[in-house]
Each structure stands twice: as C-alpha cells, then as structure tokens.
file target_10.cif (mmCIF, C-alpha atoms (C1' of nucleotides))
data_run
loop_
_atom_site.label_atom_id
_atom_site.label_comp_id
_atom_site.auth_asym_id
_atom_site.auth_seq_id
_atom_site.Cartn_x
_atom_site.Cartn_y
_atom_site.Cartn_z
CA MET A 866 -21.76 -12.28 -8.05
CA SER A 867 -18.39 -10.56 -7.77
CA GLU A 868 -16.78 -10.33 -4.37
CA ILE A 869 -17.14 -7.06 -2.49
CA VAL A 870 -13.67 -6.03 -1.37
CA ASN A 871 -13.36 -2.93 0.73
CA SER A 872 -9.61 -2.71 1.11
CA LYS A 873 -6.65 -3.05 -1.21
CA ILE A 874 -4.91 -5.46 1.13
CA GLU A 875 -7.96 -7.68 1.22
CA HIS A 876 -8.12 -7.72 -2.56
CA TYR A 877 -4.39 -8.24 -2.80
CA VAL A 878 -4.57 -11.23 -0.46
CA THR A 879 -7.46 -12.70 -2.44
CA VAL A 880 -5.16 -12.57 -5.46
CA THR A 881 -2.09 -13.98 -3.71
CA LYS A 882 -4.21 -16.79 -2.26
CA ALA A 883 -5.41 -17.60 -5.77
CA LEU A 884 -1.77 -17.64 -6.88
CA SER A 885 -0.61 -19.79 -3.98
CA ASP A 886 -1.43 -23.17 -5.49
CA SER A 887 0.82 -24.65 -8.14
CA ASN A 888 -2.03 -26.20 -10.12
CA ARG A 889 -3.73 -22.82 -10.40
CA VAL A 890 -0.45 -21.21 -11.45
CA ARG A 891 0.01 -23.88 -14.11
CA ALA A 892 -3.51 -23.22 -15.38
CA LEU A 893 -2.81 -19.49 -15.53
CA CYS A 894 0.43 -20.08 -17.40
CA ALA A 895 -1.35 -22.32 -19.88
CA LEU A 896 -3.86 -19.54 -20.54
CA ARG A 897 -1.18 -17.03 -21.54
CA LYS A 898 -1.23 -18.56 -25.03
CA GLY A 899 -4.96 -17.95 -25.41
CA GLU A 900 -8.27 -19.25 -24.15
CA LEU A 901 -8.77 -22.87 -23.19
CA CYS A 902 -11.77 -25.09 -22.62
CA LEU A 903 -12.15 -26.44 -19.10
CA CYS A 904 -11.77 -29.97 -20.41
CA GLN A 905 -8.37 -29.07 -21.84
CA ILE A 906 -7.22 -27.82 -18.48
CA ILE A 907 -8.56 -31.01 -16.89
CA GLU A 908 -6.47 -32.99 -19.35
CA LEU A 909 -3.38 -30.87 -18.75
CA LEU A 910 -3.44 -31.05 -14.97
CA GLY A 911 -4.81 -34.57 -14.65
CA LEU A 912 -7.17 -33.85 -11.76
CA ALA A 913 -10.88 -34.55 -11.28
CA PRO A 914 -13.22 -32.23 -13.23
CA SER A 915 -14.81 -31.01 -10.02
CA THR A 916 -11.39 -30.07 -8.67
CA ILE A 917 -10.43 -28.12 -11.77
CA SER A 918 -13.79 -26.40 -11.82
CA LYS A 919 -13.19 -25.24 -8.26
CA HIS A 920 -9.70 -24.02 -9.09
CA MET A 921 -10.97 -22.01 -12.03
CA SER A 922 -13.74 -20.47 -9.95
CA ILE A 923 -11.12 -19.34 -7.42
CA LEU A 924 -9.09 -17.73 -10.21
CA LYS A 925 -12.25 -16.10 -11.52
CA GLN A 926 -13.33 -14.90 -8.08
CA ALA A 927 -9.91 -13.28 -7.72
CA GLY A 928 -10.43 -11.52 -11.06
CA LEU A 929 -7.54 -13.30 -12.77
CA VAL A 930 -9.56 -15.04 -15.47
CA ASN A 931 -12.82 -14.59 -17.31
CA SER A 932 -14.98 -17.28 -18.84
CA ARG A 933 -17.47 -17.63 -21.63
CA LYS A 934 -19.84 -20.44 -22.31
CA ASP A 935 -20.16 -21.93 -25.78
CA GLY A 936 -22.63 -24.78 -25.87
CA ARG A 937 -21.51 -27.50 -23.54
CA TRP A 938 -18.06 -26.01 -23.21
CA VAL A 939 -16.76 -23.28 -20.94
CA TYR A 940 -13.74 -21.35 -22.14
CA TYR A 941 -11.40 -19.52 -19.81
CA ARG A 942 -9.01 -16.71 -20.66
CA LEU A 943 -6.75 -14.35 -18.76
CA ALA A 944 -8.70 -11.37 -17.47
CA ASP A 945 -8.01 -8.04 -19.09
CA LYS A 946 -9.33 -5.81 -16.37
CA LYS A 947 -8.16 -2.23 -16.41
CA ASP A 948 -8.64 -1.44 -12.74
CA GLU A 949 -6.21 -2.47 -9.99
CA ILE A 950 -3.42 -1.90 -12.43
CA PHE A 951 -0.64 -2.99 -10.09
CA ILE A 952 -2.20 -6.42 -9.72
CA GLN A 953 -2.44 -6.88 -13.47
CA ASP A 954 1.23 -5.94 -13.68
CA ILE A 955 2.02 -8.54 -11.05
CA ILE A 956 0.26 -11.22 -13.08
CA LYS A 957 2.07 -10.21 -16.24
CA LEU A 958 5.38 -10.18 -14.42
CA SER A 959 4.64 -13.57 -12.89
CA LEU A 960 3.77 -15.18 -16.21
CA LEU A 961 6.86 -13.69 -17.78
CA GLY A 962 9.05 -14.84 -14.93
CA LEU A 963 7.68 -18.37 -15.11
CA GLU A 964 8.21 -18.72 -18.87
CA GLN A 965 11.41 -20.70 -18.34
CA ASP A 966 10.04 -23.00 -15.65
CA GLN A 967 10.51 -26.70 -16.46
CA GLN A 968 6.90 -27.54 -15.67
CA VAL A 969 5.58 -24.63 -17.71
CA VAL A 970 7.69 -25.63 -20.69
CA ALA A 971 6.49 -29.24 -20.35
CA ASP A 972 2.90 -28.02 -20.04
CA ASP A 973 3.29 -25.96 -23.20
CA ARG A 974 4.38 -29.05 -25.06
CA GLN A 975 1.54 -31.16 -23.68
CA MET A 976 -0.94 -28.39 -24.40
CA ALA A 977 0.12 -28.34 -28.05
CA GLU A 978 -0.55 -32.08 -28.13
CA ILE A 979 -3.93 -31.68 -26.44
CA ASN A 980 -4.87 -28.89 -28.82
CA SER A 981 -4.11 -31.07 -31.80
CA TRP A 982 -6.72 -33.62 -30.73
CA GLY A 983 -9.73 -31.34 -30.96
CA LEU A 984 -12.40 -31.04 -28.30
CA GLU A 985 -14.73 -33.82 -29.48
CA MET A 986 -11.97 -36.42 -29.35
CA LEU A 987 -10.77 -35.09 -26.02
CA CYS A 988 -14.04 -34.88 -24.20
CA LYS A 989 -15.24 -38.45 -24.17
CA ARG A 990 -12.28 -39.39 -22.03
CA ASN A 991 -14.54 -41.16 -19.52
CA LYS A 992 -15.38 -43.97 -21.92
CA GLY A 993 -11.89 -44.58 -23.27
CA CYS A 994 -11.77 -43.31 -26.83
CA CYS A 995 -9.81 -45.97 -28.69
CA GLU A 996 -9.49 -49.42 -27.20
CA ASN A 997 -12.70 -50.15 -25.29
CA MET B 713 19.16 -23.37 6.39
CA SER B 714 17.64 -21.98 3.23
CA GLU B 715 15.00 -24.02 1.43
CA ILE B 716 16.06 -26.09 -1.56
CA VAL B 717 13.73 -25.23 -4.41
CA ASN B 718 14.14 -27.09 -7.67
CA SER B 719 11.53 -25.33 -9.78
CA LYS B 720 10.54 -21.75 -10.41
CA ILE B 721 6.88 -22.51 -9.88
CA GLU B 722 7.64 -24.09 -6.53
CA HIS B 723 9.62 -21.05 -5.46
CA TYR B 724 6.96 -18.73 -6.84
CA VAL B 725 4.26 -20.53 -4.86
CA THR B 726 6.37 -20.37 -1.70
CA VAL B 727 6.41 -16.61 -2.20
CA THR B 728 2.71 -16.24 -3.00
CA LYS B 729 1.84 -18.39 0.02
CA ALA B 730 3.95 -16.08 2.17
CA LEU B 731 2.06 -13.13 0.66
CA SER B 732 -1.36 -14.72 1.12
CA ASP B 733 -1.93 -13.63 4.71
CA SER B 734 -2.94 -10.08 5.49
CA ASN B 735 -0.91 -9.89 8.69
CA ARG B 736 2.24 -10.86 6.82
CA VAL B 737 1.47 -8.30 4.11
CA ARG B 738 1.00 -5.63 6.77
CA ALA B 739 4.35 -6.58 8.30
CA LEU B 740 6.04 -6.38 4.91
CA CYS B 741 4.49 -2.99 4.25
CA ALA B 742 5.66 -1.74 7.62
CA LEU B 743 9.20 -2.81 6.74
CA ARG B 744 9.32 -0.69 3.60
CA LYS B 745 10.25 2.30 5.78
CA GLY B 746 13.24 0.48 7.25
CA GLU B 747 14.08 -2.29 9.65
CA LEU B 748 11.93 -3.06 12.66
CA CYS B 749 12.39 -5.02 15.83
CA LEU B 750 10.13 -8.03 16.26
CA CYS B 751 8.56 -6.45 19.32
CA GLN B 752 7.55 -3.45 17.24
CA ILE B 753 5.78 -5.69 14.76
CA ILE B 754 4.10 -7.50 17.66
CA GLU B 755 2.84 -4.14 18.90
CA LEU B 756 1.67 -3.10 15.43
CA LEU B 757 -0.28 -6.25 14.65
CA GLY B 758 -1.48 -6.99 18.16
CA LEU B 759 -0.94 -10.74 18.01
CA ALA B 760 0.90 -13.13 20.32
CA PRO B 761 4.71 -13.00 20.10
CA SER B 762 4.86 -16.65 19.06
CA THR B 763 2.43 -15.96 16.23
CA ILE B 764 4.42 -13.01 14.92
CA SER B 765 7.64 -14.97 15.21
CA LYS B 766 6.10 -17.69 13.05
CA HIS B 767 4.88 -15.16 10.48
CA MET B 768 8.32 -13.59 10.20
CA SER B 769 9.96 -16.98 9.81
CA ILE B 770 7.59 -17.73 6.92
CA LEU B 771 8.53 -14.42 5.26
CA LYS B 772 12.19 -15.21 5.84
CA GLN B 773 11.85 -18.75 4.51
CA ALA B 774 10.31 -17.28 1.36
CA GLY B 775 13.30 -14.97 1.01
CA LEU B 776 11.25 -11.81 1.48
CA VAL B 777 12.96 -10.54 4.62
CA ASN B 778 16.30 -10.87 6.35
CA SER B 779 16.99 -10.57 10.03
CA ARG B 780 19.86 -9.62 12.30
CA LYS B 781 20.17 -10.13 16.00
CA ASP B 782 21.27 -7.31 18.26
CA GLY B 783 21.38 -8.38 21.88
CA ARG B 784 17.93 -9.45 22.97
CA TRP B 785 16.35 -7.94 19.92
CA VAL B 786 15.87 -9.31 16.44
CA TYR B 787 15.54 -6.82 13.62
CA TYR B 788 13.85 -7.60 10.34
CA ARG B 789 14.25 -5.80 7.04
CA LEU B 790 13.13 -6.33 3.47
CA ALA B 791 15.44 -8.71 1.65
CA ASP B 792 17.63 -7.28 -1.05
CA LYS B 793 18.38 -10.45 -2.93
CA LYS B 794 19.62 -10.05 -6.46
CA ASP B 795 18.55 -13.43 -7.84
CA GLU B 796 14.98 -14.29 -8.90
CA ILE B 797 14.63 -10.76 -10.18
CA PHE B 798 11.03 -11.08 -11.23
CA ILE B 799 9.98 -11.97 -7.71
CA GLN B 800 11.77 -8.95 -6.27
CA ASP B 801 9.95 -6.82 -8.81
CA ILE B 802 6.68 -8.34 -7.72
CA ILE B 803 7.37 -7.42 -4.11
CA LYS B 804 8.32 -3.87 -5.06
CA LEU B 805 5.21 -3.56 -7.20
CA SER B 806 3.07 -4.94 -4.40
CA LEU B 807 4.42 -2.55 -1.80
CA LEU B 808 3.98 0.36 -4.19
CA GLY B 809 0.45 -0.69 -5.05
CA LEU B 810 -0.51 -1.03 -1.39
CA GLU B 811 0.82 2.42 -0.41
CA GLN B 812 -2.67 3.90 -0.52
CA ASP B 813 -4.40 1.13 1.39
CA GLN B 814 -6.35 2.34 4.41
CA GLN B 815 -4.82 -0.24 6.71
CA VAL B 816 -1.30 0.49 5.49
CA VAL B 817 -1.79 4.21 6.03
CA ALA B 818 -3.17 3.55 9.51
CA ASP B 819 -0.26 1.20 10.23
CA ASP B 820 2.22 3.87 9.13
CA ARG B 821 0.68 6.27 11.61
CA GLN B 822 0.70 3.73 14.42
CA MET B 823 4.25 2.73 13.57
CA ALA B 824 5.39 6.33 13.92
CA GLU B 825 3.81 6.34 17.38
CA ILE B 826 5.43 3.03 18.29
CA ASN B 827 8.79 4.26 17.06
CA SER B 828 8.55 7.34 19.24
CA TRP B 829 8.34 5.21 22.38
CA GLY B 830 11.73 3.54 22.09
CA LEU B 831 12.31 -0.16 22.49
CA GLU B 832 12.93 -0.23 26.24
CA MET B 833 9.60 1.43 26.97
CA LEU B 834 7.85 -0.77 24.43
CA CYS B 835 9.20 -4.11 25.47
CA LYS B 836 8.01 -4.45 29.03
CA ARG B 837 4.44 -4.47 27.75
CA ASN B 838 3.69 -7.62 29.73
CA LYS B 839 3.87 -5.75 33.03
CA GLY B 840 1.88 -2.70 32.04
CA CYS B 841 4.29 0.19 31.71
CA CYS B 842 2.40 3.13 33.17
CA GLU B 843 -0.51 2.53 35.55
CA ASN B 844 0.20 -0.74 37.36
"C1'" DT C 1119 25.37 -16.21 39.51
"C1'" DG C 1120 20.64 -15.28 39.25
"C1'" DT C 1121 16.65 -12.66 37.51
"C1'" DA C 1122 14.23 -10.35 33.88
"C1'" DT C 1123 13.12 -9.95 29.17
"C1'" DA C 1124 12.93 -11.03 23.95
"C1'" DT C 1125 12.41 -14.55 20.94
"C1'" DT C 1126 11.71 -19.24 19.37
"C1'" DT C 1127 9.95 -23.88 19.66
"C1'" DC C 1128 6.39 -27.07 20.79
"C1'" DG C 1129 1.79 -28.88 21.33
"C1'" DT C 1130 -2.95 -28.08 20.72
"C1'" DT C 1131 -7.14 -26.47 18.57
"C1'" DA C 1132 -10.45 -24.41 15.29
"C1'" DG C 1133 -11.06 -23.41 10.77
"C1'" DA C 1134 -9.50 -23.26 5.82
"C1'" DT C 1135 -8.06 -25.83 1.76
"C1'" DG C 1136 -7.46 -29.36 -1.89
"C1'" DG C 1137 -8.76 -33.57 -3.30
"C1'" DC C 1138 -12.40 -36.98 -4.68
"C1'" DG C 1139 -16.93 -39.07 -6.20
"C1'" DA C 1140 -21.96 -38.60 -6.50
"C1'" DA C 1141 -25.62 -35.94 -7.76
"C1'" DA C 1142 -27.50 -31.80 -10.03
"C1'" DT C 1143 -27.57 -28.75 -14.00
"C1'" DA C 1144 -27.08 -27.35 -18.84
"C1'" DA C 1145 -26.80 -28.20 -23.58
"C1'" DC C 1146 -26.21 -31.09 -27.66
"C1'" DG C 1147 -27.94 -34.69 -30.85
"C1'" DA C 1148 -30.77 -38.57 -32.23
"C1'" DT D 615 -38.38 -36.33 -25.74
"C1'" DC D 616 -34.53 -39.07 -24.18
"C1'" DG D 617 -29.85 -40.24 -23.69
"C1'" DT D 618 -25.11 -38.37 -23.68
"C1'" DT D 619 -21.70 -35.29 -22.27
"C1'" DA D 620 -19.50 -31.00 -19.96
"C1'" DT D 621 -19.58 -28.50 -16.04
"C1'" DT D 622 -20.88 -27.23 -11.41
"C1'" DT D 623 -22.45 -28.07 -6.76
"C1'" DC D 624 -22.42 -30.78 -2.70
"C1'" DG D 625 -20.73 -33.61 0.97
"C1'" DC D 626 -16.94 -35.85 2.76
"C1'" DC D 627 -12.17 -36.56 4.28
"C1'" DA D 628 -7.17 -35.71 4.97
"C1'" DT D 629 -4.06 -32.24 5.43
"C1'" DC D 630 -2.50 -27.52 6.19
"C1'" DT D 631 -2.65 -23.16 8.63
"C1'" DA D 632 -3.08 -19.44 11.98
"C1'" DA D 633 -3.79 -18.69 16.43
"C1'" DC D 634 -2.73 -19.35 21.36
"C1'" DG D 635 -0.15 -20.47 25.76
"C1'" DA D 636 3.53 -23.00 27.96
"C1'" DA D 637 8.08 -24.19 27.97
"C1'" DA D 638 12.76 -23.66 26.17
"C1'" DT D 639 16.51 -20.65 24.70
"C1'" DA D 640 19.39 -16.52 24.56
"C1'" DT D 641 20.93 -12.30 26.24
"C1'" DA D 642 21.26 -8.27 29.30
"C1'" DC D 643 21.88 -6.51 33.78
"C1'" DA D 644 22.15 -6.46 38.85
#

call {"tool": "encode", "arguments": {"input": "target_10.cif", "output": "structure tokens"}}
result
Amino acid sequence: MSEIVNSKIEHYVTVTKALSDSNRVRALCALRKGELCLCQIIELLGLAPSTISKHMSILKQAGLVNSRKDGRWVYYRLADKKDEIFIQDIIKLSLLGLEQDQQVVADDRQMAEINSWGLEMLCKRNKGCCEN
Amino acid sequence: MSEIVNSKIEHYVTVTKALSDSNRVRALCALRKGELCLCQIIELLGLAPSTISKHMSILKQAGLVNSRKDGRWVYYRLADKKDEIFIQDIIKLSLLGLEQDQQVVADDRQMAEINSWGLEMLCKRNKGCCEN
DNA sequence: TGTATATTTCGTTAGATGGCGAAATAACGA
DNA sequence: TCGTTATTTCGCCATCTAACGAAATATACA
C-alpha cells in the first residue's frame, strides 16, 4: 500500500510534489486545526469530489496526512509520523509560515462556517438543501 | 525581472514546484558547498545544456539561487535572501536533511572530481578533450 | 574582425498533472 | 432488501513540464 522509496531525495521530491499544488496546500492548512471530513474539504475548496479525493490520496501517499473511516465519512488529519524528522519539520514550518496568508485566513473563516452546519446538513449538497 | 507574487501560498507553491524535481534538488544540494559554474552542473547531472539552463532559471525565478556572470561563464550560488524567512529555513532544513542521501553523497564525490579538472579542461567537452 | 565556446531562447515532443463526470464501491436507514 | 449518500476509481481532455536539438546571443581570444 505505502510507496517504496529507496532514496531520501526521491522521498523528498514526493513530498515537494504533494506540496506543489495550491489546493493541496490549502487542504493541509485547513487540517492544522484538527481532522476534517472529506466532504468538508470539498465544500471548502469548491472542486468536484473526485478531484478532492485524488488530492487527498496524493497527500496521503506522500505521508502528509492520515485518514480514518467512520461510517460513510472519511476523516483526514495531519500525519504524525516520527520518521523522516526533517520532512515533518518542513511541514510544521510551512504551516506556521502560511498562517498569515490571506487565503488561509479566509479559509479558516469559511471552515468555521462549514463546521457550524454539521455533516448531515452539509452532505446532501447535490440535491440543494433548502429551496428545491 | 522578478516575479510578482501577491499571496504567500502562491509564493510557497512556486518554491515547492521548484523543489519538486530531483535534478533541481541535486543542483541545489551541490551548491551548498559554494558557487558553481553552469557547465559544472551540466557535467554533474549529465543533461543537455539547454535543460540545465532551464532548471537553473526555475530555481532562480523561485528565489532559491542567484547568479553572476564572469566572462563566458555563469556562476550560481544559493540565494541569501532575508525576506520570507520561513522559506529560507525550509531550504536550509531540506539541504541538511538530504546530506546523507546516497545520490547527494555520490554527487559530492563527483563534484570534487569535476572541480579538480578546472573549467577550461571541462568546458570543451563537446570536442572530446583527451582521445580524439 | 572572425572563430570558438558558454549560455540562453525557441520549437517540438512525450509524458505527467489537474480537472471533470460517470460508474463502481461502501455504508447508512427505511 | 432497496434506495440514498459519501467516497473512490476510471476514462477522458486540456494544460503543464522536462527533455532535446537547433538557432540566437554573448564573450574570449587569435
């Protein structure tokens, strides 16, 4: 399941590739406050579910996030791996450095909003929840 | 000349994109010992001059290296920018973390060899320098 | 001035990437 | 069990990227 990586550079590049898309970085930043359901990340980024799913699998493949399944929902959280310490430090540093970013601040605000809705309300977004 | 970047995330992603190619990472690692002529990096990585030139311009665009021209030769060195501190820390951390990488160690050895030749000897590689 | 050499720019090509929607899968609830 | 919903997988398409060689540019040296 997990990628076999024989060199540090190879692993490092897997990580930097994962970090080289702004939507993935936004997702990572959103996760620094705690775990999120996939559907919340979908709502935050406003992309197709299949697209977000792919993004999260890239982050997971790179070892940056972990996931757990709870019923129909899949929750993602920042990985807390203890190996490859310098890469974990890079992630921490990155998240810290991006704290002040306009988009990240805006995302925080939107995430608070999204959180307040609850998952059941959020997840039937396909049908239009209020005025159908 | 330098890229206008209005958001931290955008700048961050420019940097991670620059770091998401193993040849560019190898070039960066090679530069941690001091400045190098483009032709030395060409020799180290074994790619076409135009390819290396492109790689170095991407690193430069991202603010990771600076260059100076001396006659026919262009020398690159790690950038020592003082702004965007967290990104500089990330580069330092990355270089430190990659010190032990097999490829980096091998590159160090080869670079020592390349250095011992001198630029004049090195640069007429097109013609075959010894047994033509 | 003219030739050689180092580097950059340009155009092309093969392969990677990000996006989507449709279909498949998994799990809840009636 | 059957329908609904959340997520993933798949196939497709548009765009980006890394690589090359050829041509352009810049500089040294004869």

call {"tool": "closest_residue", "arguments": {"input": "target_10.cif", "among": "B:Gln812, B:Lys781, B:Ile721, B:Glu747", "to": "Glu949 (chain A)", "atoms": "all atoms listed in the file"}}
result
B:Gln812

call {"tool": "interface_residues", "arguments": {"input": "target_10.cif", "of": "chain A", "to": "chain C", "cutoff": "10 Å", "atoms": "all atoms listed in the file", "output": "list in words"}}
result
Asp886, Leu912, Ala913, Pro914, Ser915, Thr916, Lys919, His920, Asp935, Gly936, Arg937 and Trp938 of chain A

call {"tool": "residues_around", "arguments": {"input": "target_10.cif", "residues": "Leu750 (chain B)", "least_positions_apart": "4", "cutoff": "8 Å", "atoms": "only C-alpha atoms (C1' of nucleotides)", "output": "list in words"}}
result
Ile754, Ile764, Ser765, Trp785, Val786, Tyr787 and Tyr788 of chain B

call {"tool": "interface_residues", "arguments": {"input": "target_10.cif", "of": "chain D", "to": "chain B", "cutoff": "12 Å", "atoms": "all atoms listed in the file", "output": "count of residues only"}}
result
12

call {"tool": "interface_residues", "arguments": {"input": "target_10.cif", "of": "chain B", "to": "chain A", "cutoff": "9 Å", "atoms": "all atoms listed in the file", "output": "PDB file with C-alpha atoms, in the coordinates of the input"}}
result
ATOM      1  CA  SER B 719      11.530 -25.330  -9.780  1.00  0.00           C
ATOM      2  CA  LYS B 720      10.540 -21.750 -10.410  1.00  0.00           C
ATOM      3  CA  ILE B 721       6.880 -22.510  -9.880  1.00  0.00           C
ATOM      4  CA  GLU B 722       7.640 -24.090  -6.530  1.00  0.00           C
ATOM      5  CA  TYR B 724       6.960 -18.730  -6.840  1.00  0.00           C
ATOM      6  CA  VAL B 725       4.260 -20.530  -4.860  1.00  0.00           C
ATOM      7  CA  THR B 726       6.370 -20.370  -1.700  1.00  0.00           C
ATOM      8  CA  VAL B 727       6.410 -16.610  -2.200  1.00  0.00           C
ATOM      9  CA  THR B 728       2.710 -16.240  -3.000  1.00  0.00           C
ATOM     10  CA  LYS B 729       1.840 -18.390   0.020  1.00  0.00           C
ATOM     11  CA  ALA B 730       3.950 -16.080   2.170  1.00  0.00           C
ATOM     12  CA  LEU B 731       2.060 -13.130   0.660  1.00  0.00           C
ATOM     13  CA  SER B 732      -1.360 -14.720   1.120  1.00  0.00           C
ATOM     14  CA  ASP B 733      -1.930 -13.630   4.710  1.00  0.00           C
ATOM     15  CA  SER B 734      -2.940 -10.080   5.490  1.00  0.00           C
ATOM     16  CA  VAL B 737       1.470  -8.300   4.110  1.00  0.00           C
ATOM     17  CA  ARG B 738       1.000  -5.630   6.770  1.00  0.00           C
ATOM     18  CA  GLU B 796      14.980 -14.290  -8.900  1.00  0.00           C
ATOM     19  CA  ILE B 797      14.630 -10.760 -10.180  1.00  0.00           C
ATOM     20  CA  PHE B 798      11.030 -11.080 -11.230  1.00  0.00           C
ATOM     21  CA  ILE B 799       9.980 -11.970  -7.710  1.00  0.00           C
ATOM     22  CA  ASP B 801       9.950  -6.820  -8.810  1.00  0.00           C
ATOM     23  CA  ILE B 802       6.680  -8.340  -7.720  1.00  0.00           C
ATOM     24  CA  ILE B 803       7.370  -7.420  -4.110  1.00  0.00           C
ATOM     25  CA  LEU B 805       5.210  -3.560  -7.200  1.00  0.00           C
ATOM     26  CA  SER B 806       3.070  -4.940  -4.400  1.00  0.00           C
ATOM     27  CA  LEU B 808       3.980   0.360  -4.190  1.00  0.00           C
ATOM     28  CA  GLY B 809       0.450  -0.690  -5.050  1.00  0.00           C
ATOM     29  CA  LEU B 810      -0.510  -1.030  -1.390  1.00  0.00           C
ATOM     30  CA  GLN B 812      -2.670   3.900  -0.520  1.00  0.00           C
ATOM     31  CA  ASP B 813      -4.400   1.130   1.390  1.00  0.00           C
ATOM     32  CA  GLN B 814      -6.350   2.340   4.410  1.00  0.00           C
ATOM     33  CA  GLN B 815      -4.820  -0.240   6.710  1.00  0.00           C
ATOM     34  CA  VAL B 816      -1.300   0.490   5.490  1.00  0.00           C
TER      35      VAL B 816
END

call {"tool": "calpha_fit_rmsd", "arguments": {"input": "target_10.cif", "fixed": "chain A", "moving": "chain B"}}
result
0.1 Å

call {"tool": "atom_distance", "arguments": {"input": "target_10.cif", "atom1": "CA of Arg744 (chain B)", "atom2": "CA of Leu790 (chain B)"}}
result
6.8 Å
